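Okay, structure_24.pdb now, which holds PDB, C-alpha atoms:
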```pdb
ATOM      1  CA  LEU A  19       9.053   7.554  10.081
ATOM      2  CA  ILE A  20       9.020   6.687  13.772
ATOM      3  CA  GLY A  21      11.929   4.524  14.919
ATOM      4  CA  THR A  22      15.537   4.223  13.882
ATOM      5  CA  PRO A  23      16.392   3.202  10.308
ATOM      6  CA  GLN A  24      18.770   0.240  10.266
ATOM      7  CA  ASN A  25      21.429  -0.759   7.748
ATOM      8  CA  ASP A  26      19.862  -4.222   7.791
ATOM      9  CA  LEU A  27      18.486  -6.475   5.054
ATOM     10  CA  ALA A  28      18.567  -9.698   7.084
ATOM     11  CA  SER A  29      15.762 -12.175   6.320
ATOM     12  CA  SER A  30      13.994  -9.633   4.095
ATOM     13  CA  GLN A  31      11.914 -10.469   1.045
ATOM     14  CA  TYR A  32      14.319  -8.268  -0.936
ATOM     15  CA  LEU A  33      17.347 -10.280   0.180
ATOM     16  CA  SER A  34      15.561 -13.540  -0.644
ATOM     17  CA  LYS A  35      13.727 -12.690  -3.875
ATOM     18  CA  VAL A  36      16.018 -10.096  -5.459
ATOM     19  CA  CYS A  37      19.453 -11.055  -4.137
ATOM     20  CA  GLY A  38      18.851 -14.814  -3.944
ATOM     21  CA  VAL A  39      19.984 -15.171  -0.319
ATOM     22  CA  GLU A  40      17.575 -17.617   1.290
ATOM     23  CA  PHE A  41      19.119 -17.973   4.741
ATOM     24  CA  SER A  42      20.268 -15.040   6.849
ATOM     25  CA  PRO A  43      19.982 -13.909  10.473
ATOM     26  CA  ALA A  44      16.759 -12.439  11.845
ATOM     27  CA  PRO A  45      16.322  -8.693  11.233
ATOM     28  CA  HIS A  46      17.144  -6.161  13.944
ATOM     29  CA  PHE A  47      14.803  -6.346  16.935
ATOM     30  CA  ASP A  48      15.054  -4.925  20.454
ATOM     31  CA  LEU A  49      12.159  -5.739  22.800
ATOM     32  CA  GLU A  50      12.582  -2.637  24.985
ATOM     33  CA  GLU A  51      12.755  -0.403  21.922
ATOM     34  CA  GLU A  52       9.606  -2.034  20.517
ATOM     35  CA  TYR A  53       7.702  -1.587  23.788
ATOM     36  CA  LYS A  54       8.611   2.096  24.002
ATOM     37  CA  LEU A  55       7.668   2.617  20.355
ATOM     38  CA  GLN A  56       4.254   0.962  20.799
ATOM     39  CA  GLN A  57       3.538   3.049  23.912
ATOM     40  CA  THR A  58       4.373   6.174  21.907
ATOM     41  CA  ILE A  59       2.135   5.136  18.996
ATOM     42  CA  ALA A  60      -0.727   4.551  21.448
ATOM     43  CA  LYS A  61      -0.177   8.051  22.912
ATOM     44  CA  LEU A  62      -0.142   9.629  19.430
ATOM     45  CA  ILE A  63      -3.438   7.898  18.608
ATOM     46  CA  GLU A  64      -4.957   8.921  21.937
ATOM     47  CA  GLU A  65      -3.916  12.542  21.312
ATOM     48  CA  LYS A  66      -5.301  12.331  17.738
ATOM     49  CA  CYS A  67      -1.934  13.443  16.335
ATOM     50  CA  ILE A  68      -1.718  10.952  13.483
ATOM     51  CA  ARG A  69      -4.023  10.145  10.605
ATOM     52  CA  SER A  70      -2.600   6.694   9.898
ATOM     53  CA  ALA A  71       0.024   4.276  11.183
ATOM     54  CA  HIS A  72       1.493   1.176   9.548
ATOM     55  CA  ASP A  73       4.238  -1.015  10.966
ATOM     56  CA  ILE A  74       7.191  -1.813   8.765
ATOM     57  CA  SER A  75       7.389  -5.533   8.221
ATOM     58  CA  GLU A  76       7.331  -7.821   5.166
ATOM     59  CA  GLY A  77       8.650  -5.912   2.173
ATOM     60  CA  GLY A  78      10.067  -3.004   4.176
ATOM     61  CA  LEU A  79       9.282   0.699   4.087
ATOM     62  CA  PHE A  80       8.469   0.891   0.384
ATOM     63  CA  VAL A  81       5.787  -1.807   0.672
ATOM     64  CA  THR A  82       4.472  -0.165   3.867
ATOM     65  CA  LEU A  83       4.015   3.194   2.132
ATOM     66  CA  ALA A  84       2.462   1.553  -0.923
ATOM     67  CA  GLU A  85       0.015  -0.499   1.183
ATOM     68  CA  SER A  86      -0.909   2.654   3.090
ATOM     69  CA  GLY A  87      -1.894   4.349  -0.155
ATOM     70  CA  PHE A  88      -3.818   1.520  -1.818
ATOM     71  CA  THR A  89      -7.217   2.153  -0.209
ATOM     72  CA  ASN A  90      -7.550   5.775  -1.363
ATOM     73  CA  LEU A  91      -5.086   5.502  -4.283
ATOM     74  CA  LEU A  92      -2.734   8.009  -2.668
ATOM     75  CA  GLY A  93       0.943   7.992  -3.543
ATOM     76  CA  PHE A  94       3.979   9.474  -1.857
ATOM     77  CA  ASP A  95       7.060  11.539  -2.502
ATOM     78  CA  ALA A  96       9.723  10.365  -0.042
ATOM     79  CA  LYS A  97      13.452  10.633   0.513
ATOM     80  CA  SER A  98      15.947   8.110   1.925
ATOM     81  CA  ALA A  99      17.852   8.715   5.128
ATOM     82  CA  ASP A 100      21.510   9.636   4.836
ATOM     83  CA  GLY A 101      24.047   7.068   5.971
ATOM     84  CA  ILE A 102      21.836   4.035   5.258
ATOM     85  CA  ARG A 103      22.108   1.846   2.153
ATOM     86  CA  LYS A 104      19.141   2.677  -0.075
ATOM     87  CA  ASP A 105      18.092  -0.956  -0.429
ATOM     88  CA  ALA A 106      18.250  -1.437   3.352
ATOM     89  CA  PHE A 107      16.302   1.785   3.947
ATOM     90  CA  TRP A 108      13.484   0.960   1.501
ATOM     91  CA  PHE A 109      13.322  -2.855   1.702
ATOM     92  CA  GLY A 110      14.886  -3.855   5.030
ATOM     93  CA  GLU A 111      12.514  -5.445   7.521
ATOM     94  CA  ALA A 112      14.154  -4.384  10.802
ATOM     95  CA  GLN A 113      11.515  -3.990  13.502
ATOM     96  CA  SER A 114      10.495  -1.105  15.770
ATOM     97  CA  ARG A 115       9.647   1.264  12.951
ATOM     98  CA  VAL A 116       6.260   2.698  12.001
ATOM     99  CA  ALA A 117       5.305   4.940   9.094
ATOM    100  CA  VAL A 118       2.699   7.514  10.134
ATOM    101  CA  SER A 119       0.889  10.319   8.372
ATOM    102  CA  VAL A 120       0.345  13.609  10.148
ATOM    103  CA  SER A 121      -1.881  16.485   9.049
ATOM    104  CA  ARG A 122      -0.343  19.959   8.850
ATOM    105  CA  GLU A 123      -2.604  21.135  11.669
ATOM    106  CA  HIS A 124      -1.198  18.489  14.044
ATOM    107  CA  ALA A 125       2.442  18.637  12.907
ATOM    108  CA  GLU A 126       3.697  20.807  15.774
ATOM    109  CA  LYS A 127       1.879  18.777  18.449
ATOM    110  CA  PHE A 128       3.231  15.585  16.866
ATOM    111  CA  ARG A 129       6.785  16.960  16.863
ATOM    112  CA  LYS A 130       6.566  17.957  20.547
ATOM    113  CA  LEU A 131       5.179  14.568  21.627
ATOM    114  CA  MET A 132       7.861  12.762  19.644
ATOM    115  CA  GLN A 133      10.648  14.872  21.107
ATOM    116  CA  ALA A 134       9.328  14.170  24.604
ATOM    117  CA  SER A 135       9.232  10.427  23.857
ATOM    118  CA  GLY A 136      12.936  10.192  23.089
ATOM    119  CA  ILE A 137      12.253   7.957  20.106
ATOM    120  CA  ALA A 138      13.939   8.771  16.805
ATOM    121  CA  PHE A 139      11.676  10.143  14.091
ATOM    122  CA  SER A 140      12.156  11.795  10.724
ATOM    123  CA  LEU A 141      10.147  13.373   7.951
ATOM    124  CA  LEU A 142      10.015  11.044   4.955
ATOM    125  CA  GLY A 143       8.109  13.297   2.582
ATOM    126  CA  HIS A 144       4.485  13.893   1.761
ATOM    127  CA  VAL A 145       1.367  12.212   0.399
ATOM    128  CA  THR A 146       0.580  12.751  -3.307
ATOM    129  CA  ASP A 147      -2.511  12.338  -5.472
ATOM    130  CA  GLY A 148      -1.160   9.045  -6.803
ATOM    131  CA  ASP A 149       2.407   9.561  -7.999
ATOM    132  CA  VAL A 150       5.087   7.447  -6.348
ATOM    133  CA  LYS A 151       8.435   9.227  -6.109
ATOM    134  CA  VAL A 152      11.502   7.928  -4.329
ATOM    135  CA  ASP A 153      14.520  10.190  -3.885
ATOM    136  CA  GLY A 154      13.214  12.422  -6.667
ATOM    137  CA  ALA A 155      12.797   9.564  -9.170
ATOM    138  CA  ASN A 156       9.342   8.738 -10.541
ATOM    139  CA  TRP A 157       8.505   5.119  -9.689
ATOM    140  CA  GLY A 158       5.096   5.182 -11.421
ATOM    141  CA  SER A 159       1.640   5.492  -9.938
ATOM    142  CA  ILE A 160       0.068   3.930  -6.887
ATOM    143  CA  GLU A 161      -2.502   2.313  -9.225
ATOM    144  CA  GLN A 162       0.296   0.478 -11.054
ATOM    145  CA  TRP A 163       1.799  -0.732  -7.767
ATOM    146  CA  LYS A 164      -1.629  -1.785  -6.469
ATOM    147  CA  ASP A 165      -2.226  -3.826  -9.620
ATOM    148  CA  LYS A 166       1.147  -5.569  -9.198
ATOM    149  CA  TYR A 167       0.427  -6.208  -5.518
ATOM    150  CA  ASP A 168      -3.136  -7.456  -6.021
ATOM    151  CA  ASN A 169      -2.443  -9.629  -9.069
ATOM    152  CA  ALA A 170       1.072 -11.002  -8.579
ATOM    153  CA  ILE A 171      -0.005 -14.519  -7.588
ATOM    154  CA  GLY A 172      -2.628 -14.804 -10.316
ATOM    155  CA  LYS A 173      -0.195 -13.639 -12.991
ATOM    156  CA  MET A 174       2.465 -16.032 -11.727
ATOM    157  CA  LEU A 175       0.033 -18.965 -11.779
ATOM    158  CA  ALA A 176      -1.249 -18.067 -15.250
ATOM    159  CA  LYS A 177       2.331 -17.921 -16.554
ATOM    160  CA  GLU A 178       3.139 -21.281 -14.949
ATOM    161  CA  LEU A 179       0.004 -22.912 -16.358
ATOM    162  CA  GLU A 180       0.684 -21.414 -19.789
ATOM    163  CA  SER A 181       4.237 -22.775 -19.813
ATOM    164  CA  GLU A 182       2.878 -26.228 -18.956
ATOM    165  CA  GLY A 183       0.227 -26.026 -21.678
ATOM    166  CA  ALA A 184      -2.486 -26.458 -19.057
ATOM    167  CA  LEU A 185      -4.196 -23.076 -19.521
ATOM    168  CA  GLY A 186      -6.491 -24.370 -22.260
ATOM    169  CA  MET A 187      -7.673 -27.188 -19.996
ATOM    170  CA  ILE A 188      -9.132 -24.832 -17.366
TER     171      ILE A 188
END
```

Output the file's structure as structure tokens, nothing else.
Amino acid sequence: LIGTPQNDLASSQYLSKVCGVEFSPAPHFDLEEEYKLQQTIAKLIEEKCIRSAHDISEGGLFVTLAESGFTNLLGFDAKSADGIRKDAFWFGEAQSRVAVSVSREHAEKFRKLMQASGIAFSLLGHVTDGDVKVDGANWGSIEQWKDKYDNAIGKMLAKELESEGALGMI
């Protein structure tokens, strides 16, 4: 994880959909911090230090990691940061954070470039063959999460149409 985790759920999908809070302030954002982060990501790409990069936005870190694994059906085994609420860590949408994957062969070069950048970074965990584990708990497989992600709207519409008795008319 590149960037500083924030104890912030403001305006997140989690806060809206799970907690029922529709109106809240904008999530954490600092323009200077964002600029410095993006310059660092560009340098890491130029130096071929990272295999993938995904900004943390709608849905938070959990959705970012899941989306990153969908294409090749790769899961993850990751741990929360200490001192941050777990829901804020996994589902907060504060800006200026990017989840990257780094091969073992580039790990030391990555670490040195990150230390030189002055931007906070931490090891979240590792990529798996499809299992999704969060703080040691099994959260299922990446295939299950991909199915939920890909079919959520269709399932919601089918349920709505079924409850209205309109499904047989289609």

Notebook entry, point to check: What does the distance from CA of Ser75 in chain A to CA of Arg122 in chain A come to in Å, to one decimal?
Noted result: 26.6 Å

Check: Where does the PyMOL selection byres ((chain A and resi 109-111) around 7) land in this file, that is, which residues does it pick, as a ChimeraX atom specification?
Finding: /A:26-27,30,32,45,74-80,105-108,112-113

Those residues you just picked out, can you put them in a file as a JSON list (two decimals), in the coordinates of the input with C-alpha atoms?
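Result file selection.json:
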```json
[["chain", "number", "residue", "atom", "x", "y", "z"],
["A", 26, "ASP", "CA", 19.86, -4.22, 7.79],
["A", 27, "LEU", "CA", 18.49, -6.48, 5.05],
["A", 30, "SER", "CA", 13.99, -9.63, 4.10],
["A", 32, "TYR", "CA", 14.32, -8.27, -0.94],
["A", 45, "PRO", "CA", 16.32, -8.69, 11.23],
["A", 74, "ILE", "CA", 7.19, -1.81, 8.76],
["A", 75, "SER", "CA", 7.39, -5.53, 8.22],
["A", 76, "GLU", "CA", 7.33, -7.82, 5.17],
["A", 77, "GLY", "CA", 8.65, -5.91, 2.17],
["A", 78, "GLY", "CA", 10.07, -3.00, 4.18],
["A", 79, "LEU", "CA", 9.28, 0.70, 4.09],
["A", 80, "PHE", "CA", 8.47, 0.89, 0.38],
["A", 105, "ASP", "CA", 18.09, -0.96, -0.43],
["A", 106, "ALA", "CA", 18.25, -1.44, 3.35],
["A", 107, "PHE", "CA", 16.30, 1.78, 3.95],
["A", 108, "TRP", "CA", 13.48, 0.96, 1.50],
["A", 112, "ALA", "CA", 14.15, -4.38, 10.80],
["A", 113, "GLN", "CA", 11.52, -3.99, 13.50]]
```

Could you spell out the hits of the PyMOL selection byres ((chain A and resi 129) around 12) on the shown file, as a short mmCIF file (atom, residue, chain, number, x, y, z; two decimals) with C-alpha atoms, in the coordinates of the input?
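Final output, expr05.cif:
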```
data_model
loop_
_atom_site.label_atom_id
_atom_site.label_comp_id
_atom_site.auth_asym_id
_atom_site.auth_seq_id
_atom_site.Cartn_x
_atom_site.Cartn_y
_atom_site.Cartn_z
CA LEU A 19 9.05 7.55 10.08
CA ILE A 20 9.02 6.69 13.77
CA LEU A 62 -0.14 9.63 19.43
CA CYS A 67 -1.93 13.44 16.34
CA ILE A 68 -1.72 10.95 13.48
CA VAL A 120 0.34 13.61 10.15
CA SER A 121 -1.88 16.48 9.05
CA ARG A 122 -0.34 19.96 8.85
CA GLU A 123 -2.60 21.14 11.67
CA HIS A 124 -1.20 18.49 14.04
CA ALA A 125 2.44 18.64 12.91
CA GLU A 126 3.70 20.81 15.77
CA LYS A 127 1.88 18.78 18.45
CA PHE A 128 3.23 15.58 16.87
CA LYS A 130 6.57 17.96 20.55
CA LEU A 131 5.18 14.57 21.63
CA MET A 132 7.86 12.76 19.64
CA GLN A 133 10.65 14.87 21.11
CA ALA A 134 9.33 14.17 24.60
CA SER A 135 9.23 10.43 23.86
CA GLY A 136 12.94 10.19 23.09
CA ILE A 137 12.25 7.96 20.11
CA ALA A 138 13.94 8.77 16.80
CA PHE A 139 11.68 10.14 14.09
CA SER A 140 12.16 11.80 10.72
CA LEU A 141 10.15 13.37 7.95
#
```

What are the centre and edge lengths in Å, to one decimal, of the axis-aligned box around all listed atoms of range 87-90 of chain A with 8 Å added on each side, as lines of an AutoDock Vina configuration file?
```
center_x = -4.7
center_y = 3.6
center_z = -1.0
size_x = 21.7
size_y = 20.3
size_z = 17.7
```

Note to self: Could you list, as an NGL selection string, every residue within 10 Å of range 151-163 of chain A, counting all atoms listed in the file and ignoring same-chain residues fewer than 3 positions away?
What the structure shows: :A and (80-81 or 83-85 or 87-88 or 90-99 or 104 or 108 or 142-144 or 146-148 or 166-169)

Just to be explicit: take each residue in the selection above, keep C-alpha atoms, and write the result as a JSON list (two decimals), in the coordinates of the input.
```json
[["chain", "number", "residue", "atom", "x", "y", "z"],
["A", 80, "PHE", "CA", 8.47, 0.89, 0.38],
["A", 81, "VAL", "CA", 5.79, -1.81, 0.67],
["A", 83, "LEU", "CA", 4.01, 3.19, 2.13],
["A", 84, "ALA", "CA", 2.46, 1.55, -0.92],
["A", 85, "GLU", "CA", 0.02, -0.50, 1.18],
["A", 87, "GLY", "CA", -1.89, 4.35, -0.16],
["A", 88, "PHE", "CA", -3.82, 1.52, -1.82],
["A", 90, "ASN", "CA", -7.55, 5.78, -1.36],
["A", 91, "LEU", "CA", -5.09, 5.50, -4.28],
["A", 92, "LEU", "CA", -2.73, 8.01, -2.67],
["A", 93, "GLY", "CA", 0.94, 7.99, -3.54],
["A", 94, "PHE", "CA", 3.98, 9.47, -1.86],
["A", 95, "ASP", "CA", 7.06, 11.54, -2.50],
["A", 96, "ALA", "CA", 9.72, 10.36, -0.04],
["A", 97, "LYS", "CA", 13.45, 10.63, 0.51],
["A", 98, "SER", "CA", 15.95, 8.11, 1.92],
["A", 99, "ALA", "CA", 17.85, 8.72, 5.13],
["A", 104, "LYS", "CA", 19.14, 2.68, -0.08],
["A", 108, "TRP", "CA", 13.48, 0.96, 1.50],
["A", 142, "LEU", "CA", 10.02, 11.04, 4.96],
["A", 143, "GLY", "CA", 8.11, 13.30, 2.58],
["A", 144, "HIS", "CA", 4.49, 13.89, 1.76],
["A", 146, "THR", "CA", 0.58, 12.75, -3.31],
["A", 147, "ASP", "CA", -2.51, 12.34, -5.47],
["A", 148, "GLY", "CA", -1.16, 9.04, -6.80],
["A", 166, "LYS", "CA", 1.15, -5.57, -9.20],
["A", 167, "TYR", "CA", 0.43, -6.21, -5.52],
["A", 168, "ASP", "CA", -3.14, -7.46, -6.02],
["A", 169, "ASN", "CA", -2.44, -9.63, -9.07]]
```

Would you mind putting N, CA and C atoms back on range 57-89 of chain A and writing the result as a compact mmCIF listing (two decimals), in the frame of the given file?
```
# COMPACT_ATOMS: atom_id res chain seq x y z
N GLN A 57 4.13 2.13 22.94
CA GLN A 57 3.54 3.05 23.91
C GLN A 57 3.40 4.45 23.31
N THR A 58 4.40 4.86 22.55
CA THR A 58 4.37 6.17 21.91
C THR A 58 3.30 6.23 20.83
N ILE A 59 3.17 5.17 20.04
CA ILE A 59 2.13 5.14 19.00
C ILE A 59 0.76 5.23 19.65
N ALA A 60 0.56 4.50 20.73
CA ALA A 60 -0.73 4.55 21.45
C ALA A 60 -1.02 5.98 21.92
N LYS A 61 -0.02 6.67 22.44
CA LYS A 61 -0.18 8.05 22.91
C LYS A 61 -0.52 8.98 21.74
N LEU A 62 0.14 8.80 20.61
CA LEU A 62 -0.14 9.63 19.43
C LEU A 62 -1.58 9.43 18.94
N ILE A 63 -2.05 8.19 18.99
CA ILE A 63 -3.44 7.90 18.61
C ILE A 63 -4.40 8.53 19.61
N GLU A 64 -4.11 8.35 20.88
CA GLU A 64 -4.96 8.92 21.94
C GLU A 64 -5.06 10.44 21.80
N GLU A 65 -3.96 11.08 21.46
CA GLU A 65 -3.92 12.54 21.31
C GLU A 65 -4.40 13.01 19.92
N LYS A 66 -4.80 12.05 19.09
CA LYS A 66 -5.30 12.33 17.74
C LYS A 66 -4.29 13.13 16.90
N CYS A 67 -3.02 12.76 17.05
CA CYS A 67 -1.93 13.44 16.34
C CYS A 67 -1.63 12.84 14.97
N ILE A 68 -2.05 11.60 14.75
CA ILE A 68 -1.72 10.95 13.48
C ILE A 68 -2.98 10.54 12.75
N ARG A 69 -2.88 10.55 11.44
CA ARG A 69 -4.02 10.14 10.60
C ARG A 69 -3.97 8.67 10.28
N SER A 70 -2.76 8.12 10.19
CA SER A 70 -2.60 6.69 9.90
C SER A 70 -1.28 6.21 10.48
N ALA A 71 -1.21 4.91 10.70
CA ALA A 71 0.02 4.28 11.18
C ALA A 71 0.10 2.87 10.58
N HIS A 72 1.29 2.50 10.14
CA HIS A 72 1.49 1.18 9.55
C HIS A 72 2.88 0.70 9.94
N ASP A 73 2.94 -0.47 10.58
CA ASP A 73 4.24 -1.01 10.97
C ASP A 73 5.03 -1.41 9.72
N ILE A 74 6.32 -1.40 9.87
CA ILE A 74 7.19 -1.81 8.76
C ILE A 74 7.55 -3.27 9.01
N SER A 75 7.14 -4.11 8.07
CA SER A 75 7.39 -5.53 8.22
C SER A 75 7.72 -6.10 6.85
N GLU A 76 7.01 -7.13 6.41
CA GLU A 76 7.33 -7.82 5.17
C GLU A 76 7.35 -6.85 3.98
N GLY A 77 8.49 -6.78 3.33
CA GLY A 77 8.65 -5.91 2.17
C GLY A 77 9.33 -4.60 2.50
N GLY A 78 9.38 -4.22 3.78
CA GLY A 78 10.07 -3.00 4.18
C GLY A 78 9.24 -1.74 4.02
N LEU A 79 9.93 -0.61 4.10
CA LEU A 79 9.28 0.70 4.09
C LEU A 79 8.55 0.98 2.78
N PHE A 80 9.14 0.62 1.65
CA PHE A 80 8.47 0.89 0.38
C PHE A 80 7.10 0.20 0.33
N VAL A 81 7.06 -1.07 0.69
CA VAL A 81 5.79 -1.81 0.67
C VAL A 81 4.82 -1.21 1.69
N THR A 82 5.31 -0.80 2.85
CA THR A 82 4.47 -0.16 3.87
C THR A 82 3.80 1.09 3.32
N LEU A 83 4.58 1.96 2.68
CA LEU A 83 4.01 3.19 2.13
C LEU A 83 3.03 2.89 1.01
N ALA A 84 3.38 1.92 0.17
CA ALA A 84 2.46 1.55 -0.92
C ALA A 84 1.15 1.01 -0.36
N GLU A 85 1.23 0.07 0.58
CA GLU A 85 0.02 -0.50 1.18
C GLU A 85 -0.83 0.59 1.83
N SER A 86 -0.18 1.56 2.44
CA SER A 86 -0.91 2.65 3.09
C SER A 86 -1.70 3.47 2.08
N GLY A 87 -1.22 3.55 0.86
CA GLY A 87 -1.89 4.35 -0.16
C GLY A 87 -2.91 3.61 -0.99
N PHE A 88 -2.94 2.30 -0.94
CA PHE A 88 -3.82 1.52 -1.82
C PHE A 88 -5.30 1.86 -1.66
N THR A 89 -5.79 1.97 -0.44
CA THR A 89 -7.22 2.15 -0.21
C THR A 89 -7.77 3.40 -0.90
```
